[in-house]
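With mmCIF, C-alpha atoms and all ligand atoms inside, this is run32.cif:
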data_start
loop_
_atom_site.label_atom_id
_atom_site.label_comp_id
_atom_site.auth_asym_id
_atom_site.auth_seq_id
_atom_site.Cartn_x
_atom_site.Cartn_y
_atom_site.Cartn_z
CA MET I 1 -29.27 68.28 -28.59
CA THR I 2 -29.34 64.60 -27.63
CA ASP I 3 -32.10 63.12 -25.46
CA GLU I 4 -29.57 62.67 -22.66
CA ALA I 5 -28.52 66.31 -22.82
CA ARG I 6 -32.14 67.44 -22.87
CA SER I 7 -32.92 65.22 -19.89
CA ALA I 8 -29.93 66.57 -17.93
CA GLN I 9 -30.91 70.15 -18.70
CA ALA I 10 -34.50 69.64 -17.54
CA PHE I 11 -33.24 67.91 -14.41
CA VAL I 12 -30.78 70.67 -13.49
CA GLU I 13 -33.45 73.34 -13.97
CA ALA I 14 -35.88 71.40 -11.77
CA LEU I 15 -33.25 70.77 -9.09
CA ASP I 16 -32.30 74.43 -9.08
CA ALA I 17 -35.95 75.44 -8.56
CA GLU I 18 -36.37 72.87 -5.75
CA ASN I 19 -33.19 74.06 -4.06
CA GLN I 20 -34.29 77.68 -4.25
CA THR I 21 -37.64 76.80 -2.64
CA LEU I 22 -35.95 74.89 0.19
CA LEU I 23 -33.30 77.58 0.59
CA ARG I 24 -35.99 80.04 1.52
CA GLY I 25 -36.26 77.93 4.70
CA LEU I 26 -32.71 79.01 5.48
CA GLU I 27 -33.63 82.67 5.31
CA PRO I 28 -36.47 83.30 7.74
CA ASP I 29 -37.20 86.94 8.35
CA ASP I 30 -35.33 87.05 11.63
CA THR I 31 -32.06 86.06 9.98
CA LEU I 32 -32.51 89.00 7.63
CA LYS I 33 -32.93 91.37 10.56
CA PRO I 34 -29.89 90.45 12.56
CA GLU I 35 -29.42 91.86 16.00
CA VAL I 36 -26.00 92.21 17.44
CA GLU I 37 -25.91 91.04 21.01
CA GLY I 38 -23.29 89.47 23.18
CA ALA I 39 -20.69 87.57 21.21
CA LEU I 40 -22.53 87.85 17.92
CA ASN I 41 -20.11 90.09 16.07
CA VAL I 42 -18.13 90.18 12.83
CA PRO I 43 -14.89 88.67 14.23
CA ASN I 44 -16.73 85.71 15.77
CA LEU I 45 -18.63 85.10 12.55
CA LEU I 46 -15.34 85.30 10.61
CA LYS I 47 -13.99 82.56 12.86
CA VAL I 48 -16.93 80.40 11.77
CA ALA I 49 -16.01 81.33 8.19
CA LEU I 50 -12.46 80.01 8.71
CA ARG I 51 -13.90 76.65 9.60
CA ASN I 52 -16.22 76.61 6.58
CA GLU I 53 -13.41 77.60 4.21
CA ILE I 54 -10.96 74.98 5.48
CA GLU I 55 -13.65 72.30 5.22
CA ALA I 56 -14.48 73.42 1.67
CA THR I 57 -10.77 73.32 0.78
CA GLU I 58 -10.33 69.86 2.25
CA ILE I 59 -13.37 68.23 0.66
CA ALA I 60 -12.51 69.56 -2.81
CA ALA I 61 -8.94 68.29 -2.36
CA ARG I 62 -10.12 64.82 -1.32
CA TRP I 63 -12.45 64.60 -4.29
CA LEU I 64 -9.69 65.83 -6.63
CA VAL I 65 -7.49 62.84 -5.84
CA THR I 66 -10.32 60.30 -6.05
CA THR I 67 -11.56 61.05 -9.57
CA ASP I 68 -9.98 60.04 -12.86
CA ASP I 69 -11.92 62.60 -14.88
CA VAL I 70 -9.56 65.39 -15.92
CA ALA I 71 -12.27 68.07 -16.24
CA VAL I 72 -13.56 67.24 -12.76
CA LYS I 73 -10.01 67.21 -11.34
CA LEU I 74 -9.30 70.66 -12.78
CA ALA I 75 -12.60 72.09 -11.55
CA LEU I 76 -11.86 70.81 -8.05
CA ALA I 77 -8.27 72.05 -8.23
CA ARG I 78 -9.52 75.52 -8.95
CA GLN I 79 -11.95 75.28 -6.07
CA VAL I 80 -9.22 74.11 -3.68
CA GLY I 81 -7.22 77.21 -4.60
CA ASP I 82 -10.21 79.55 -4.24
CA GLU I 83 -11.29 78.20 -0.85
CA ALA I 84 -7.73 78.34 0.48
CA ARG I 85 -7.52 81.94 -0.71
CA HIS I 86 -10.81 82.72 1.08
CA TYR I 87 -9.31 81.29 4.25
CA ARG I 88 -6.29 83.58 3.91
CA LEU I 89 -8.45 86.64 3.11
CA VAL I 90 -10.65 86.00 6.13
CA ALA I 91 -7.57 85.45 8.31
CA ASP I 92 -6.09 88.74 7.03
CA ARG I 93 -9.34 90.53 7.82
CA LEU I 94 -9.39 89.09 11.34
CA ARG I 95 -5.85 90.39 11.83
CA GLU I 96 -6.92 93.88 10.65
CA LEU I 97 -9.72 93.73 13.21
CA GLY I 98 -7.17 93.01 15.94
CA PHE I 99 -7.53 89.23 16.24
CA ASP I 100 -4.75 86.73 15.78
CA PRO I 101 -6.06 84.15 13.29
CA GLU I 102 -3.26 81.78 14.20
CA ALA I 103 -4.67 81.54 17.70
CA VAL I 104 -7.73 79.89 16.15
CA ASN I 105 -7.63 76.22 15.14
CA PRO I 106 -10.80 75.84 13.09
CA LEU I 107 -10.42 72.06 13.11
CA ALA I 108 -9.91 71.75 16.87
CA THR I 109 -13.20 69.86 17.18
CA GLY I 110 -12.76 67.88 13.96
CA PHE I 111 -14.76 68.04 10.76
CA GLY I 112 -18.48 68.77 11.04
CA PRO I 113 -21.46 66.59 10.06
CA LEU I 114 -21.91 68.17 6.61
CA PHE I 115 -18.25 67.51 5.82
CA GLN I 116 -18.59 63.90 7.02
CA TYR I 117 -21.61 63.42 4.80
CA LEU I 118 -19.87 64.91 1.74
CA ASP I 119 -16.77 62.85 2.44
CA GLY I 120 -18.86 59.68 2.25
CA LEU I 121 -20.15 60.41 -1.27
CA THR I 122 -18.42 58.30 -3.89
CA THR I 123 -19.94 59.20 -7.25
CA THR I 124 -19.16 62.37 -9.16
CA VAL I 125 -22.81 63.15 -9.83
CA GLU I 126 -23.65 63.08 -6.09
CA ARG I 127 -20.54 65.05 -5.20
CA VAL I 128 -21.18 67.88 -7.63
CA ALA I 129 -24.91 67.95 -6.79
CA ALA I 130 -24.13 68.24 -3.07
CA GLY I 131 -20.76 69.97 -2.83
CA GLN I 132 -20.90 72.46 -5.67
CA PHE I 133 -24.42 72.91 -6.95
CA THR I 134 -26.19 72.88 -3.56
CA ARG I 135 -23.60 73.78 -0.93
CA GLU I 136 -22.46 76.78 -2.94
CA ALA I 137 -26.08 77.88 -3.44
CA ILE I 138 -26.39 77.81 0.35
CA ALA I 139 -23.18 79.84 0.62
CA ILE I 140 -24.60 82.50 -1.69
CA VAL I 141 -27.64 82.94 0.59
CA LYS I 142 -25.59 82.92 3.78
CA ASN I 143 -23.05 85.37 2.41
CA ARG I 144 -25.81 87.74 1.39
CA GLN I 145 -27.11 87.65 4.96
CA PHE I 146 -23.59 88.10 6.33
CA ILE I 147 -22.94 91.11 4.05
CA GLU I 148 -26.11 92.75 5.39
CA PHE I 149 -25.02 91.92 8.91
CA CYS I 150 -21.60 93.53 8.36
CA GLU I 151 -23.18 96.66 6.95
CA ARG I 152 -25.52 97.00 9.91
CA ALA I 153 -22.62 96.34 12.26
CA GLY I 154 -20.72 99.27 10.67
CA ASP I 155 -18.09 97.13 8.96
CA PRO I 156 -18.21 98.04 5.26
CA GLU I 157 -14.70 96.61 4.66
CA THR I 158 -15.72 93.07 5.58
CA ALA I 159 -18.95 93.53 3.61
CA ALA I 160 -16.91 94.60 0.55
CA LEU I 161 -14.54 91.64 0.91
CA TYR I 162 -17.51 89.28 0.75
CA ARG I 163 -19.42 91.17 -1.93
CA ASP I 164 -16.54 91.89 -4.31
CA VAL I 165 -14.07 89.05 -3.80
CA ILE I 166 -15.49 85.96 -2.08
CA GLU I 167 -19.06 86.00 -3.37
CA PRO I 168 -18.14 85.94 -7.10
CA ASP I 169 -15.98 82.84 -6.47
CA GLU I 170 -18.80 81.03 -4.64
CA ARG I 171 -21.12 81.85 -7.52
CA PHE I 172 -18.53 80.38 -9.89
CA HIS I 173 -18.35 77.19 -7.82
CA HIS I 174 -22.13 76.87 -8.01
CA GLU I 175 -21.99 77.32 -11.80
CA LEU I 176 -19.25 74.71 -11.95
CA GLY I 177 -21.64 72.34 -10.23
CA ARG I 178 -24.29 73.18 -12.80
CA ARG I 179 -21.91 72.48 -15.71
CA LEU I 180 -20.76 69.16 -14.28
CA LEU I 181 -24.32 68.09 -13.47
CA LEU I 182 -25.28 68.71 -17.09
CA ARG I 183 -22.55 66.25 -18.00
CA PHE I 184 -23.18 63.60 -15.36
CA ALA I 185 -26.90 63.73 -14.50
CA THR I 186 -28.02 62.10 -17.73
CA THR I 187 -29.81 58.96 -16.51
CA ALA I 188 -32.78 58.45 -14.19
CA ASP I 189 -30.54 56.72 -11.63
CA ALA I 190 -27.91 59.47 -11.70
CA GLN I 191 -30.61 62.12 -11.35
CA ALA I 192 -32.22 60.34 -8.41
CA ALA I 193 -28.85 60.05 -6.67
CA ALA I 194 -28.06 63.71 -7.35
CA ARG I 195 -31.44 64.82 -6.00
CA ARG I 196 -30.98 62.74 -2.83
CA ALA I 197 -27.53 64.23 -2.25
CA ALA I 198 -28.81 67.77 -2.77
CA ARG I 199 -31.74 67.20 -0.35
CA ARG I 200 -29.49 65.76 2.34
CA THR I 201 -27.05 68.66 1.99
CA LEU I 202 -29.87 71.16 2.51
CA GLU I 203 -31.21 69.18 5.48
CA LEU I 204 -27.80 69.11 7.10
CA ALA I 205 -27.26 72.81 6.49
CA ASP I 206 -30.67 73.54 7.98
CA GLU I 207 -29.96 71.35 11.03
CA LEU I 208 -26.58 73.01 11.52
CA GLN I 209 -28.14 76.43 11.28
CA ARG I 210 -30.83 75.54 13.84
CA LYS I 211 -28.20 74.10 16.15
CA ALA I 212 -25.98 77.18 15.82
CA LEU I 213 -28.99 79.39 16.44
CA ALA I 214 -30.04 77.40 19.52
CA THR I 215 -26.60 77.11 21.09
CA ALA I 216 -24.79 80.29 20.15
CA GLY I 217 -27.35 82.61 18.58
CA VAL I 218 -25.34 82.41 15.34
CA HIS I 219 -27.70 82.82 12.42
CA HIS I 220 -25.82 84.45 9.63
CA ALA I 221 -22.36 82.93 9.58
CA PRO I 222 -20.84 83.15 6.13
CA GLY I 223 -20.77 80.08 3.91
CA CYS I 224 -18.06 78.95 1.56
FE FE C 301 -16.91 77.86 -2.59
FE FE C 302 -15.10 79.86 -0.01
#
Please lay out the structure from this file as structure tokens.
Amino acid sequence: MTDEARSAQAFVEALDAENQTLLRGLEPDDTLKPEVEGALNVPNLLKVALRNEIEATEIAARWLVTTDDVAVKLALARQVGDEARHYRLVADRLRELGFDPEAVNPLATGFGPLFQYLDGLTTTVERVAAGQFTREAIAIVKNRQFIEFCERAGDPETAALYRDVIEPDERFHHELGRRLLLRFATTADAQAAARRAARRTLELADELQRKALATAGVHHAPGC
């Protein structure tokens, strides 16, 4: 193994550990003991999921066309397809639950702050650190909380959709981020930029979660 490869590997392991520590901030006990009240129900959380999935589709597509690296292009192309499929699966599930997904425009209020931040990143190492390695790690935590929520709410079908179909894809996207980071986070500068992007992504996710909790009582919307 070259020094660069060894350095990248140590960095990715350290970043993973830091992310996991900070992610525990996204799962306070009360989010693990969800209480259904008022509008906090599976269909409304699935509508939040539509927004997350379309944003994930769009950002991967934008990054696909602004990189010249074929491996990165193909990884993003796969992600575009996966996230678009998640959108359709969630829309289908909403329809089964008696809601018309076409009556929902998830982009009615524009793209959110996390999307805007990701859209401003220009280097591949920052993009994969933020968009794949970190954002998808967040999605894994949020989806786990959502699956528990669905089970408690008596909706094993939605829980199974997330556990068996969507979750394995999000895990794959996170692993994709890991693989690309190993390739791109080989210098001190690249590693510093990647770490900054990962931190900011977690901060934004945390802020969004607090805001959602404060304004709508939403604390276990699925990720993407
Ligand atoms: Fe994803
Ligand atoms: Fe997704």
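Between atom FE of ligand FE 301 (chain C) and atom CA of I:Cys224 the separation is 4.4 Å.
Residue nearest ligand FE 301 (chain C) within the list I:Leu176, I:Ala8, I:Val70, I:Ala185: I:Leu176 [criterion: smallest interatomic distance, all atoms listed in the file].
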Put a box with edges along x, y and z around all the listed atoms of stretch 147-157 of chain I, pad it by 4 Å on each side, then give me its centre and sizes in Å, one decimal, as lines of an AutoDock Vina configuration file.
center_x = -20.4
center_y = 95.2
center_z = 8.2
size_x = 19.4
size_y = 16.2
size_z = 16.2
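The interatomic distance for the pair atom CA of I:Ala103 and atom FE of ligand FE 302 (chain C) works out to 20.6 Å.
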Using 6 Å as the limit and counting all atoms listed in the file, can you tabulate each residue of chain I that touches ligand FE 301 (chain C), with its shortest atom-to-atom distance in Å and the two atoms involved, as a Markdown table?
| residue | atom | partner | partner_atom | distance |
| --- | --- | --- | --- | --- |
| I:Glu83 | CA | C:FE301 | FE | 5.9 |
| I:Glu136 | CA | C:FE301 | FE | 5.7 |
| I:Glu170 | CA | C:FE301 | FE | 4.2 |
| I:His173 | CA | C:FE301 | FE | 5.5 |
| I:Cys224 | CA | C:FE301 | FE | 4.4 |
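Each of I:Asp69, I:Glu96, I:Glu203, I:Glu167 was checked against ligand FE 302 (chain C) using only C-alpha atoms and all ligand atoms; the smallest atom-to-atom distance is that of I:Glu167.
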8 Å from ligand FE 302 (chain C) is the threshold here; counting all atoms listed in the file, which polymer residues fall inside it? Answer as an mmCIF file with C-alpha atoms, in the frame of the given file.
data_model
loop_
_atom_site.group_PDB
_atom_site.id
_atom_site.type_symbol
_atom_site.label_atom_id
_atom_site.label_comp_id
_atom_site.auth_asym_id
_atom_site.auth_seq_id
_atom_site.Cartn_x
_atom_site.Cartn_y
_atom_site.Cartn_z
ATOM 1 C CA ASN I 52 -16.220 76.610 6.580
ATOM 2 C CA GLU I 53 -13.410 77.600 4.210
ATOM 3 C CA ALA I 56 -14.480 73.420 1.670
ATOM 4 C CA THR I 57 -10.770 73.320 0.780
ATOM 5 C CA ASP I 82 -10.210 79.550 -4.240
ATOM 6 C CA GLU I 83 -11.290 78.200 -0.850
ATOM 7 C CA ALA I 84 -7.730 78.340 0.480
ATOM 8 C CA ARG I 85 -7.520 81.940 -0.710
ATOM 9 C CA HIS I 86 -10.810 82.720 1.080
ATOM 10 C CA TYR I 87 -9.310 81.290 4.250
ATOM 11 C CA ILE I 166 -15.490 85.960 -2.080
ATOM 12 C CA ASP I 169 -15.980 82.840 -6.470
ATOM 13 C CA GLU I 170 -18.800 81.030 -4.640
ATOM 14 C CA GLY I 223 -20.770 80.080 3.910
ATOM 15 C CA CYS I 224 -18.060 78.950 1.560
#
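For I:Asp100, the list of residues within 12 Å, based on all atoms listed in the file and with local chain neighbours fewer than 6 positions off taken out, reads Pro43, Leu46, Lys47, Val90, Ala91, Asp92, Arg93 and Leu94 of chain I.
Between I:Ile138 and the residues I:Asp16, I:Asp189, I:Glu4, I:Asp164, the shortest atom-to-atom distance, using all atoms listed in the file, involves I:Asp16.
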Selected residue of minimal separation from I:Ala188 among I:Ser7, I:Thr67, I:Thr158, I:Asn44, counting all atoms listed in the file:
I:Ser7
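If all atoms listed in the file are the atoms counted, then among I:Ala137, I:Tyr117, I:Val165, I:Asp155 the closest residue to I:Glu18 is I:Ala137.
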Show which residues sit within 10 Å of I:Leu202, as a ChimeraX atom specification. Count only C-alpha atoms, and ignore same-chain residues fewer than 4 positions away.
/I:19,22-23,25-26,114,130,134-135,137-138,197-198,206-208
Please produce an output containing C-alpha atoms for each residue in the selection, written as a CSV table (one decimal), in the coordinates of the input.
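Result went into again.csv, see below:
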chain,number,residue,atom,x,y,z
I,19,ASN,CA,-33.2,74.1,-4.1
I,22,LEU,CA,-36.0,74.9,0.2
I,23,LEU,CA,-33.3,77.6,0.6
I,25,GLY,CA,-36.3,77.9,4.7
I,26,LEU,CA,-32.7,79.0,5.5
I,114,LEU,CA,-21.9,68.2,6.6
I,130,ALA,CA,-24.1,68.2,-3.1
I,134,THR,CA,-26.2,72.9,-3.6
I,135,ARG,CA,-23.6,73.8,-0.9
I,137,ALA,CA,-26.1,77.9,-3.4
I,138,ILE,CA,-26.4,77.8,0.4
I,197,ALA,CA,-27.5,64.2,-2.2
I,198,ALA,CA,-28.8,67.8,-2.8
I,206,ASP,CA,-30.7,73.5,8.0
I,207,GLU,CA,-30.0,71.4,11.0
I,208,LEU,CA,-26.6,73.0,11.5
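Closest approach to I:Leu45 from the set I:Lys142, I:Arg127, I:Lys211, I:Arg24 is made by I:Lys142, with distances taken over all atoms listed in the file.
By only C-alpha atoms, and with residues fewer than 4 positions from stretch 143-151 of chain I along its chain excluded, the set lying at most 8 Å from it is Thr31, Leu32, Pro34, Val42, Ala139, Asp155, Pro156, Thr158, Ala159, Ala160, Tyr162, Arg163, Glu167, His220, Ala221, Pro222 and Gly223 of chain I.
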d(atom CA of I:Ala5, atom CA of I:Trp63) in Å:
24.6 Å
